[in-house]
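So this one's entry-v1.tsv, TSV, C-alpha atoms and all ligand atoms:
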```tsv
chain	number	residue	atom	x	y	z
B	382	MET	CA	40.64	43.80	-31.39
B	383	ARG	CA	39.90	41.98	-34.66
B	384	LYS	CA	42.68	39.53	-33.97
B	385	ILE	CA	41.33	38.69	-30.54
B	386	LEU	CA	37.88	38.13	-31.99
B	387	PHE	CA	39.35	35.90	-34.65
B	388	ALA	CA	41.29	33.89	-32.09
B	389	CYS	CA	38.16	33.52	-30.00
B	390	THR	CA	36.19	32.27	-33.00
B	391	ILE	CA	38.82	29.69	-33.82
B	392	ALA	CA	38.96	28.61	-30.20
B	393	LEU	CA	35.18	28.25	-30.13
B	394	ILE	CA	35.22	26.09	-33.24
B	395	PHE	CA	37.77	23.78	-31.69
B	396	ILE	CA	35.83	23.62	-28.45
B	397	SER	CA	32.67	22.63	-30.31
B	398	ILE	CA	34.52	19.95	-32.26
B	399	GLY	CA	35.93	18.61	-29.03
B	400	PHE	CA	32.51	18.74	-27.45
B	401	ALA	CA	30.91	16.91	-30.38
B	402	ALA	CA	33.48	14.15	-30.04
B	403	PHE	CA	32.90	14.04	-26.29
B	404	GLN	CA	29.18	13.59	-26.84
B	405	LYS	CA	29.78	10.13	-28.23
B	406	ALA	CA	30.75	9.15	-24.72
B	407	PRO	CA	28.23	7.15	-22.66
B	408	TRP	CA	25.17	9.11	-21.71
B	409	ILE	CA	25.83	10.32	-18.18
B	410	VAL	CA	22.66	10.61	-16.13
B	411	PRO	CA	22.70	12.19	-12.65
B	412	PRO	CA	22.29	9.49	-9.95
B	413	ALA	CA	19.12	11.09	-8.56
B	414	GLU	CA	17.51	10.88	-12.00
B	415	LYS	CA	18.69	7.31	-12.48
B	416	ALA	CA	17.00	6.24	-9.28
B	417	ARG	CA	13.61	7.64	-10.21
B	418	LYS	CA	10.80	5.13	-10.43
B	419	ASN	CA	8.04	5.09	-13.02
B	420	PRO	CA	4.88	6.36	-11.27
B	421	LEU	CA	2.77	4.54	-13.89
B	422	THR	CA	2.10	0.84	-14.19
B	423	ALA	CA	1.74	-1.06	-17.43
B	424	SER	CA	-1.88	-1.00	-18.59
B	425	ASP	CA	-3.69	-1.20	-21.90
B	426	ALA	CA	-4.55	2.49	-21.72
B	427	ASN	CA	-0.94	3.50	-21.13
B	428	ALA	CA	0.27	1.15	-23.85
B	429	THR	CA	-2.19	2.51	-26.40
B	430	ALA	CA	-1.38	6.12	-25.56
B	431	ALA	CA	2.37	5.50	-25.64
B	432	LYS	CA	2.20	3.70	-28.99
B	433	GLN	CA	0.53	6.72	-30.57
B	434	ILE	CA	3.02	9.18	-29.03
B	435	PHE	CA	5.87	7.01	-30.22
B	436	LEU	CA	4.53	6.89	-33.77
B	437	ASP	CA	4.07	10.68	-33.74
B	438	HIS	CA	7.38	11.72	-32.18
B	439	CYS	CA	9.90	8.90	-32.21
B	440	ALA	CA	9.22	6.41	-35.01
B	441	ASN	CA	10.75	8.55	-37.77
B	442	CYS	CA	14.10	7.95	-36.09
B	443	HIS	CA	13.71	4.85	-33.94
B	444	GLY	CA	11.38	2.94	-36.29
B	445	ASP	CA	7.81	1.76	-35.59
B	446	ALA	CA	9.06	-1.13	-33.48
B	447	GLY	CA	11.96	0.74	-31.86
B	448	LYS	CA	14.68	-1.02	-33.84
B	449	GLY	CA	16.42	2.22	-34.73
B	450	ASP	CA	15.44	1.86	-38.38
B	451	GLY	CA	13.03	4.76	-38.87
B	452	SER	CA	12.71	6.52	-42.21
B	453	ASP	CA	15.01	9.36	-41.08
B	454	ALA	CA	17.50	7.14	-39.25
B	455	MET	CA	20.06	7.25	-42.06
B	456	MET	CA	20.42	11.01	-41.67
B	457	TYR	CA	21.77	10.87	-38.17
B	458	ASP	CA	25.14	10.32	-36.60
B	459	PRO	CA	25.16	8.75	-34.08
B	460	ALA	CA	22.34	6.59	-35.41
B	461	PRO	CA	19.11	6.36	-33.40
B	462	ALA	CA	19.46	3.75	-30.69
B	463	ASP	CA	18.02	0.25	-31.15
B	464	LEU	CA	15.53	0.19	-28.28
B	465	THR	CA	14.87	-3.54	-28.76
B	466	ASP	CA	18.45	-4.40	-27.79
B	467	ALA	CA	17.70	-6.14	-24.50
B	468	ALA	CA	21.34	-6.56	-23.45
B	469	ARG	CA	21.87	-2.85	-23.71
B	470	MET	CA	18.49	-1.63	-22.48
B	471	SER	CA	18.65	-3.87	-19.42
B	472	LYS	CA	21.59	-1.79	-18.19
B	473	ILE	CA	19.50	1.37	-18.17
B	474	THR	CA	17.05	2.19	-15.39
B	475	ASP	CA	13.57	3.58	-15.95
B	476	GLY	CA	14.74	6.88	-14.54
B	477	GLU	CA	17.52	6.97	-17.10
B	478	VAL	CA	15.20	6.31	-20.03
B	479	TYR	CA	12.91	9.04	-18.72
B	480	TYR	CA	15.84	11.44	-18.43
B	481	GLN	CA	17.03	10.60	-21.95
B	482	ILE	CA	13.59	11.29	-23.40
B	483	THR	CA	13.27	14.47	-21.34
B	484	GLU	CA	16.66	15.98	-22.12
B	485	GLY	CA	17.51	14.45	-25.49
B	486	ARG	CA	21.02	14.40	-26.85
B	487	LYS	CA	21.99	15.50	-30.29
B	488	PRO	CA	20.61	14.54	-32.74
B	489	MET	CA	17.76	13.38	-30.52
B	490	PRO	CA	15.62	16.36	-29.49
B	491	SER	CA	14.49	17.16	-25.96
B	492	PHE	CA	10.88	16.28	-25.24
B	493	LYS	CA	10.64	18.25	-22.00
B	494	LYS	CA	8.36	20.84	-23.56
B	495	ARG	CA	6.77	18.73	-26.29
B	496	LEU	CA	5.41	15.98	-24.07
B	497	THR	CA	3.91	15.97	-20.58
B	498	ASP	CA	5.54	14.08	-17.68
B	499	GLU	CA	2.86	11.44	-17.95
B	500	GLN	CA	3.45	10.98	-21.68
B	501	ARG	CA	7.17	10.55	-21.11
B	502	TRP	CA	6.60	7.94	-18.40
B	503	GLN	CA	4.17	6.16	-20.75
B	504	LEU	CA	6.98	6.08	-23.30
B	505	VAL	CA	9.28	4.54	-20.69
B	506	LEU	CA	6.76	1.69	-20.35
B	507	LEU	CA	6.69	1.30	-24.12
B	508	VAL	CA	10.48	1.37	-24.45
B	509	ARG	CA	10.59	-1.39	-21.83
B	510	SER	CA	8.15	-3.49	-23.82
B	511	PHE	CA	10.35	-3.15	-26.94
B	512	ALA	CA	13.20	-4.82	-25.13
B	513	GLY	CA	10.92	-7.48	-23.70
B	514	SER	CA	10.84	-6.40	-20.07
B	515	THR	CA	8.32	-4.23	-18.27
B	516	SER	CA	10.16	-3.34	-15.09
B	517	ALA	CA	13.30	-1.49	-14.13
B	518	PRO	CA	16.44	-3.61	-13.99
B	519	PRO	CA	17.80	-4.39	-10.54
B	520	PRO	CA	20.65	-2.15	-9.35
B	521	ALA	CA	24.01	-3.05	-10.86
B	522	LYS	CA	24.87	-5.87	-8.43
B	523	ASN	CA	23.43	-8.48	-10.85
B	524	PRO	CA	26.16	-9.24	-13.40
B	525	ASP	CA	24.20	-12.06	-15.04
B	526	VAL	CA	23.08	-10.01	-18.02
B	527	PRO	CA	23.53	-12.25	-21.06
B	528	GLY	CA	26.66	-11.25	-22.93
B	529	ASP	CA	26.83	-11.10	-26.71
B	530	LYS	CA	23.91	-13.37	-27.44
B	531	LYS	CA	20.91	-11.30	-28.36
B	532	PRO	CA	17.75	-12.78	-26.86
B	533	GLU	CA	14.73	-13.51	-29.07
B	534	PRO	CA	13.00	-10.30	-30.18
B	535	PRO	CA	9.90	-9.36	-28.17
B	536	THR	CA	6.77	-11.15	-29.29
B	537	SER	CA	4.46	-8.13	-29.40
B	538	HIS	CA	3.71	-7.07	-32.96
B	601	LIG	C1	15.88	12.96	-34.58
B	601	LIG	C2	15.86	11.55	-34.34
B	601	LIG	C3	15.32	11.06	-33.00
B	601	LIG	C4	14.06	11.23	-32.48
B	601	LIG	C5	12.89	12.00	-33.06
B	601	LIG	C6	14.04	10.48	-31.24
B	601	LIG	N1	15.26	9.92	-31.01
B	601	LIG	FE1	15.78	8.77	-29.41
B	601	LIG	N2	17.69	8.72	-30.04
B	601	LIG	C7	18.15	9.25	-31.21
B	601	LIG	C8	19.58	9.08	-31.28
B	601	LIG	C9	20.46	9.52	-32.43
B	601	LIG	C10	19.97	8.42	-30.09
B	601	LIG	C11	21.38	8.05	-29.64
B	601	LIG	C12	21.95	9.28	-28.95
B	601	LIG	C13	23.30	9.05	-28.35
B	601	LIG	O1	23.66	7.92	-28.06
B	601	LIG	O2	24.00	10.04	-28.16
B	601	LIG	C14	18.75	8.21	-29.33
B	601	LIG	C15	18.71	7.58	-28.10
B	601	LIG	C16	17.55	7.27	-27.42
B	601	LIG	C17	17.49	6.54	-26.19
B	601	LIG	C18	18.69	6.04	-25.39
B	601	LIG	C19	18.97	4.60	-25.66
B	601	LIG	C20	20.29	4.15	-25.05
B	601	LIG	O3	20.72	3.08	-25.40
B	601	LIG	O4	20.87	4.87	-24.23
B	601	LIG	C21	16.17	6.41	-25.86
B	601	LIG	C22	15.59	5.69	-24.65
B	601	LIG	C23	15.41	7.07	-26.89
B	601	LIG	N3	16.27	7.59	-27.82
B	601	LIG	C24	14.04	7.16	-26.92
B	601	LIG	C25	13.34	8.02	-27.77
B	601	LIG	C26	11.92	8.29	-27.66
B	601	LIG	C27	10.98	7.63	-26.66
B	601	LIG	C28	11.63	9.22	-28.60
B	601	LIG	C29	10.28	9.90	-28.87
B	601	LIG	C30	9.74	10.67	-27.78
B	601	LIG	C31	12.85	9.51	-29.35
B	601	LIG	N4	13.86	8.76	-28.80
B	601	LIG	C32	12.94	10.38	-30.43
B	601	LIG	C33	17.40	9.86	-32.20
B	601	LIG	C34	16.07	10.25	-32.06
```
Kindly transcribe the structure held in the file into structure tokens.
Ligand code: HEC
Amino acid sequence: MRKILFACTIALIFISIGFAAFQKAPWIVPPAEKARKNPLTASDANATAAKQIFLDHCANCHGDAGKGDGSDAMMYDPAPADLTDAARMSKITDGEVYYQITEGRKPMPSFKKRLTDEQRWQLVLLVRSFAGSTSAPPPAKNPDVPGDKKPEPPTSH
């Protein structure tokens, strides 16, 4: 009995190591979630609310301006994403950003219980503004996303 338990423990450890490695893979979001549209539109009220939520819940990792350089950023592997990276963020739909904030992925926590739906959609608007675009990208058929060249950082400060 002991031996079986021991073997199971070892197996579990290996499975978790494998899983941890697997987690570095691209963030897979279910298609239905990807296709979701932001029910909110950009407005001063939403922007102000989102900014405060971001400073309270996200900035310690992602940095005040979303650059991924928050005060705790060094502690995490993988590092908090640079949300101002337009080339990368333009590949992600609003529904995907919403899903990522909702579910989290280690080390990023899930905000499903900590924030309301509306707050999470407000954050989607804010995340869009970091990367200099306010709307969802068109579906994948548009391959004209600029390659390596990083566009000018967003002007909002
Ligand atoms: C504990 C640190 C931490 C906190 C707090 C945190 N994040 Fe993250 N976030 C991360 C890490 C690390 C990643 C990269 C995860 C990965 O790629 O597996 C990430 C990824 C993301 C992504 C995905 C970007 C991409 O390129 O796919 C978004 C969007 C995001 N975070 C938004 C937020 C928002 C909004 C908040 C606040 C509600 C928040 N995060 C709070 C650490 C954090």
12 Å contact set for Pro420 (chain B), all atoms listed in the file, chain neighbours under 6 positions out, as a PyMOL selection string: chain B and resi 427+475-476+479+498-503+505-506+516-517
Counting only C-alpha atoms and all ligand atoms, which residues in chain B sit no more than 9 Å from ligand LIG 601 (chain B)? For each one, give the nearest pair of atoms and the distance in Å, sorted by chain then residue number, as JSON lines.
```
{"residue": "B:Gln404", "atom": "CA", "partner": "B:LIG601", "partner_atom": "O2", "distance": 6.4}
{"residue": "B:Lys405", "atom": "CA", "partner": "B:LIG601", "partner_atom": "O2", "distance": 5.8}
{"residue": "B:Ala406", "atom": "CA", "partner": "B:LIG601", "partner_atom": "O2", "distance": 7.6}
{"residue": "B:Pro407", "atom": "CA", "partner": "B:LIG601", "partner_atom": "O1", "distance": 7.1}
{"residue": "B:Trp408", "atom": "CA", "partner": "B:LIG601", "partner_atom": "O4", "distance": 6.5}
{"residue": "B:Ala431", "atom": "CA", "partner": "B:LIG601", "partner_atom": "C27", "distance": 8.9}
{"residue": "B:Ile434", "atom": "CA", "partner": "B:LIG601", "partner_atom": "C30", "distance": 7.0}
{"residue": "B:Phe435", "atom": "CA", "partner": "B:LIG601", "partner_atom": "C29", "distance": 5.4}
{"residue": "B:Leu436", "atom": "CA", "partner": "B:LIG601", "partner_atom": "C29", "distance": 8.1}
{"residue": "B:Asp437", "atom": "CA", "partner": "B:LIG601", "partner_atom": "C29", "distance": 7.9}
{"residue": "B:His438", "atom": "CA", "partner": "B:LIG601", "partner_atom": "C29", "distance": 4.8}
{"residue": "B:Cys439", "atom": "CA", "partner": "B:LIG601", "partner_atom": "C29", "distance": 3.5}
{"residue": "B:Ala440", "atom": "CA", "partner": "B:LIG601", "partner_atom": "C5", "distance": 7.0}
{"residue": "B:Asn441", "atom": "CA", "partner": "B:LIG601", "partner_atom": "C5", "distance": 6.2}
{"residue": "B:Cys442", "atom": "CA", "partner": "B:LIG601", "partner_atom": "C2", "distance": 4.4}
{"residue": "B:His443", "atom": "CA", "partner": "B:LIG601", "partner_atom": "N1", "distance": 6.1}
{"residue": "B:Gly447", "atom": "CA", "partner": "B:LIG601", "partner_atom": "C24", "distance": 8.4}
{"residue": "B:Gly449", "atom": "CA", "partner": "B:LIG601", "partner_atom": "C7", "distance": 8.1}
{"residue": "B:Gly451", "atom": "CA", "partner": "B:LIG601", "partner_atom": "C2", "distance": 8.6}
{"residue": "B:Asp453", "atom": "CA", "partner": "B:LIG601", "partner_atom": "C2", "distance": 7.1}
{"residue": "B:Ala454", "atom": "CA", "partner": "B:LIG601", "partner_atom": "C2", "distance": 6.8}
{"residue": "B:Met456", "atom": "CA", "partner": "B:LIG601", "partner_atom": "C1", "distance": 8.6}
{"residue": "B:Tyr457", "atom": "CA", "partner": "B:LIG601", "partner_atom": "C9", "distance": 6.0}
{"residue": "B:Asp458", "atom": "CA", "partner": "B:LIG601", "partner_atom": "C9", "distance": 6.3}
{"residue": "B:Pro459", "atom": "CA", "partner": "B:LIG601", "partner_atom": "C9", "distance": 5.0}
{"residue": "B:Ala460", "atom": "CA", "partner": "B:LIG601", "partner_atom": "C9", "distance": 4.6}
{"residue": "B:Pro461", "atom": "CA", "partner": "B:LIG601", "partner_atom": "C8", "distance": 3.5}
{"residue": "B:Ala462", "atom": "CA", "partner": "B:LIG601", "partner_atom": "C15", "distance": 4.7}
{"residue": "B:Asp463", "atom": "CA", "partner": "B:LIG601", "partner_atom": "O3", "distance": 7.0}
{"residue": "B:Leu464", "atom": "CA", "partner": "B:LIG601", "partner_atom": "C19", "distance": 6.2}
{"residue": "B:Asp466", "atom": "CA", "partner": "B:LIG601", "partner_atom": "O3", "distance": 8.2}
{"residue": "B:Arg469", "atom": "CA", "partner": "B:LIG601", "partner_atom": "O3", "distance": 6.3}
{"residue": "B:Met470", "atom": "CA", "partner": "B:LIG601", "partner_atom": "O3", "distance": 6.0}
{"residue": "B:Lys472", "atom": "CA", "partner": "B:LIG601", "partner_atom": "O3", "distance": 8.7}
{"residue": "B:Ile473", "atom": "CA", "partner": "B:LIG601", "partner_atom": "O4", "distance": 7.1}
{"residue": "B:Glu477", "atom": "CA", "partner": "B:LIG601", "partner_atom": "C22", "distance": 7.9}
{"residue": "B:Val478", "atom": "CA", "partner": "B:LIG601", "partner_atom": "C22", "distance": 4.7}
{"residue": "B:Tyr479", "atom": "CA", "partner": "B:LIG601", "partner_atom": "C22", "distance": 7.3}
{"residue": "B:Tyr480", "atom": "CA", "partner": "B:LIG601", "partner_atom": "C22", "distance": 8.5}
{"residue": "B:Gln481", "atom": "CA", "partner": "B:LIG601", "partner_atom": "C22", "distance": 5.8}
{"residue": "B:Ile482", "atom": "CA", "partner": "B:LIG601", "partner_atom": "C24", "distance": 5.4}
{"residue": "B:Thr483", "atom": "CA", "partner": "B:LIG601", "partner_atom": "C30", "distance": 8.3}
{"residue": "B:Gly485", "atom": "CA", "partner": "B:LIG601", "partner_atom": "FE1", "distance": 7.1}
{"residue": "B:Arg486", "atom": "CA", "partner": "B:LIG601", "partner_atom": "O2", "distance": 5.4}
{"residue": "B:Lys487", "atom": "CA", "partner": "B:LIG601", "partner_atom": "O2", "distance": 6.2}
{"residue": "B:Pro488", "atom": "CA", "partner": "B:LIG601", "partner_atom": "C9", "distance": 5.0}
{"residue": "B:Met489", "atom": "CA", "partner": "B:LIG601", "partner_atom": "C34", "distance": 3.9}
{"residue": "B:Pro490", "atom": "CA", "partner": "B:LIG601", "partner_atom": "C1", "distance": 6.1}
{"residue": "B:Ser491", "atom": "CA", "partner": "B:LIG601", "partner_atom": "C30", "distance": 8.2}
{"residue": "B:Phe492", "atom": "CA", "partner": "B:LIG601", "partner_atom": "C30", "distance": 6.3}
{"residue": "B:Arg495", "atom": "CA", "partner": "B:LIG601", "partner_atom": "C30", "distance": 8.7}
{"residue": "B:Leu496", "atom": "CA", "partner": "B:LIG601", "partner_atom": "C30", "distance": 7.8}
{"residue": "B:Gln500", "atom": "CA", "partner": "B:LIG601", "partner_atom": "C30", "distance": 8.8}
{"residue": "B:Arg501", "atom": "CA", "partner": "B:LIG601", "partner_atom": "C30", "distance": 7.1}
{"residue": "B:Leu504", "atom": "CA", "partner": "B:LIG601", "partner_atom": "C27", "distance": 5.4}
{"residue": "B:Val505", "atom": "CA", "partner": "B:LIG601", "partner_atom": "C27", "distance": 6.9}
{"residue": "B:Leu507", "atom": "CA", "partner": "B:LIG601", "partner_atom": "C27", "distance": 8.1}
{"residue": "B:Val508", "atom": "CA", "partner": "B:LIG601", "partner_atom": "C27", "distance": 6.7}
```
Atom-to-atom span, CA of Arg417 (chain B) and CA of Thr465 (chain B), Å: 21.7 Å
Atomic separation - CA of Lys448 (chain B) relative to CA of Thr497 (chain B), Å: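 CA of Thr497 (chain B) sits 24.1 Å away from CA of Lys448 (chain B).
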Interatomic distance (Å, one decimal) between CA of Ala428 (chain B) and CA of Ser510 (chain B): 9.1 Å
Calculate, to one decimal in Å, the centre and edge lengths of the box along x, y and z of the file that holds all listed atoms of region 440-448 of chain B with 6 Å of margin on each side, and present them as JSON.
```
{"center_x": 11.2, "center_y": 3.7, "center_z": -34.8, "size_x": 18.9, "size_y": 21.7, "size_z": 17.9}
```
Given only C-alpha atoms as the counted atoms, nearest of B:Ala467, B:Glu484, B:Ala426, B:Gly444 to Arg509 (chain B):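 Checking each of B:Ala467, B:Glu484, B:Ala426, B:Gly444 against Arg509 (chain B), counting only C-alpha atoms, the winner is B:Ala467.
For the choices B:Ala388, B:Ala468, B:Met455, B:Ile394, the atom-to-atom distance to Ala512 (chain B) is smallest for B:Ala468 when using all atoms listed in the file.
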Atoms kept (N, CA and C atoms) for region 495-517 of chain B, as a PDB file, in the first residue's frame:
```pdb
ATOM      1  N   ARG B 495     -13.437  38.475  -7.919  1.00  0.00           N
ATOM      2  CA  ARG B 495     -12.993  39.736  -7.328  1.00  0.00           C
ATOM      3  C   ARG B 495     -13.579  40.951  -8.011  1.00  0.00           C
ATOM      4  N   LEU B 496     -13.906  40.803  -9.303  1.00  0.00           N
ATOM      5  CA  LEU B 496     -14.425  41.948 -10.047  1.00  0.00           C
ATOM      6  C   LEU B 496     -15.745  41.560 -10.704  1.00  0.00           C
ATOM      7  N   THR B 497     -16.627  42.541 -10.890  1.00  0.00           N
ATOM      8  CA  THR B 497     -17.893  42.266 -11.567  1.00  0.00           C
ATOM      9  C   THR B 497     -17.643  42.148 -13.071  1.00  0.00           C
ATOM     10  N   ASP B 498     -18.641  41.617 -13.797  1.00  0.00           N
ATOM     11  CA  ASP B 498     -18.566  41.542 -15.256  1.00  0.00           C
ATOM     12  C   ASP B 498     -18.252  42.903 -15.845  1.00  0.00           C
ATOM     13  N   GLU B 499     -19.002  43.900 -15.348  1.00  0.00           N
ATOM     14  CA  GLU B 499     -18.844  45.244 -15.894  1.00  0.00           C
ATOM     15  C   GLU B 499     -17.420  45.751 -15.672  1.00  0.00           C
ATOM     16  N   GLN B 500     -16.876  45.506 -14.481  1.00  0.00           N
ATOM     17  CA  GLN B 500     -15.509  45.960 -14.212  1.00  0.00           C
ATOM     18  C   GLN B 500     -14.504  45.303 -15.142  1.00  0.00           C
ATOM     19  N   ARG B 501     -14.749  44.013 -15.430  1.00  0.00           N
ATOM     20  CA  ARG B 501     -13.805  43.301 -16.305  1.00  0.00           C
ATOM     21  C   ARG B 501     -13.897  43.826 -17.730  1.00  0.00           C
ATOM     22  N   TRP B 502     -15.117  44.147 -18.174  1.00  0.00           N
ATOM     23  CA  TRP B 502     -15.243  44.718 -19.521  1.00  0.00           C
ATOM     24  C   TRP B 502     -14.640  46.125 -19.566  1.00  0.00           C
ATOM     25  N   GLN B 503     -14.749  46.863 -18.459  1.00  0.00           N
ATOM     26  CA  GLN B 503     -14.104  48.183 -18.410  1.00  0.00           C
ATOM     27  C   GLN B 503     -12.595  48.025 -18.558  1.00  0.00           C
ATOM     28  N   LEU B 504     -12.060  46.976 -17.923  1.00  0.00           N
ATOM     29  CA  LEU B 504     -10.620  46.726 -18.035  1.00  0.00           C
ATOM     30  C   LEU B 504     -10.236  46.378 -19.471  1.00  0.00           C
ATOM     31  N   VAL B 505     -11.133  45.665 -20.172  1.00  0.00           N
ATOM     32  CA  VAL B 505     -10.843  45.345 -21.573  1.00  0.00           C
ATOM     33  C   VAL B 505     -10.668  46.649 -22.362  1.00  0.00           C
ATOM     34  N   LEU B 506     -11.557  47.620 -22.102  1.00  0.00           N
ATOM     35  CA  LEU B 506     -11.421  48.919 -22.782  1.00  0.00           C
ATOM     36  C   LEU B 506     -10.070  49.556 -22.453  1.00  0.00           C
ATOM     37  N   LEU B 507      -9.696  49.487 -21.193  1.00  0.00           N
ATOM     38  CA  LEU B 507      -8.432  50.098 -20.766  1.00  0.00           C
ATOM     39  C   LEU B 507      -7.235  49.399 -21.412  1.00  0.00           C
ATOM     40  N   VAL B 508      -7.279  48.057 -21.397  1.00  0.00           N
ATOM     41  CA  VAL B 508      -6.183  47.289 -21.996  1.00  0.00           C
ATOM     42  C   VAL B 508      -6.042  47.677 -23.470  1.00  0.00           C
ATOM     43  N   ARG B 509      -7.178  47.860 -24.150  1.00  0.00           N
ATOM     44  CA  ARG B 509      -7.138  48.304 -25.546  1.00  0.00           C
ATOM     45  C   ARG B 509      -6.459  49.652 -25.675  1.00  0.00           C
ATOM     46  N   SER B 510      -6.738  50.555 -24.740  1.00  0.00           N
ATOM     47  CA  SER B 510      -6.167  51.896 -24.858  1.00  0.00           C
ATOM     48  C   SER B 510      -4.648  51.853 -24.632  1.00  0.00           C
ATOM     49  N   PHE B 511      -4.175  50.904 -23.821  1.00  0.00           N
ATOM     50  CA  PHE B 511      -2.726  50.763 -23.609  1.00  0.00           C
ATOM     51  C   PHE B 511      -2.022  50.494 -24.930  1.00  0.00           C
ATOM     52  N   ALA B 512      -2.631  49.636 -25.730  1.00  0.00           N
ATOM     53  CA  ALA B 512      -1.980  49.239 -26.976  1.00  0.00           C
ATOM     54  C   ALA B 512      -2.361  50.174 -28.114  1.00  0.00           C
ATOM     55  N   GLY B 513      -3.056  51.247 -27.796  1.00  0.00           N
ATOM     56  CA  GLY B 513      -3.340  52.264 -28.794  1.00  0.00           C
ATOM     57  C   GLY B 513      -4.487  51.949 -29.735  1.00  0.00           C
ATOM     58  N   SER B 514      -5.373  51.046 -29.371  1.00  0.00           N
ATOM     59  CA  SER B 514      -6.553  50.810 -30.195  1.00  0.00           C
ATOM     60  C   SER B 514      -7.736  50.567 -29.280  1.00  0.00           C
ATOM     61  N   THR B 515      -8.914  51.036 -29.673  1.00  0.00           N
ATOM     62  CA  THR B 515     -10.051  50.936 -28.767  1.00  0.00           C
ATOM     63  C   THR B 515     -11.039  49.865 -29.185  1.00  0.00           C
ATOM     64  N   SER B 516     -10.836  49.244 -30.341  1.00  0.00           N
ATOM     65  CA  SER B 516     -11.826  48.264 -30.778  1.00  0.00           C
ATOM     66  C   SER B 516     -11.190  46.898 -30.968  1.00  0.00           C
ATOM     67  N   ALA B 517     -12.039  45.896 -31.077  1.00  0.00           N
ATOM     68  CA  ALA B 517     -11.549  44.542 -31.291  1.00  0.00           C
ATOM     69  C   ALA B 517     -10.882  44.465 -32.656  1.00  0.00           C
TER      70      ALA B 517
END
```
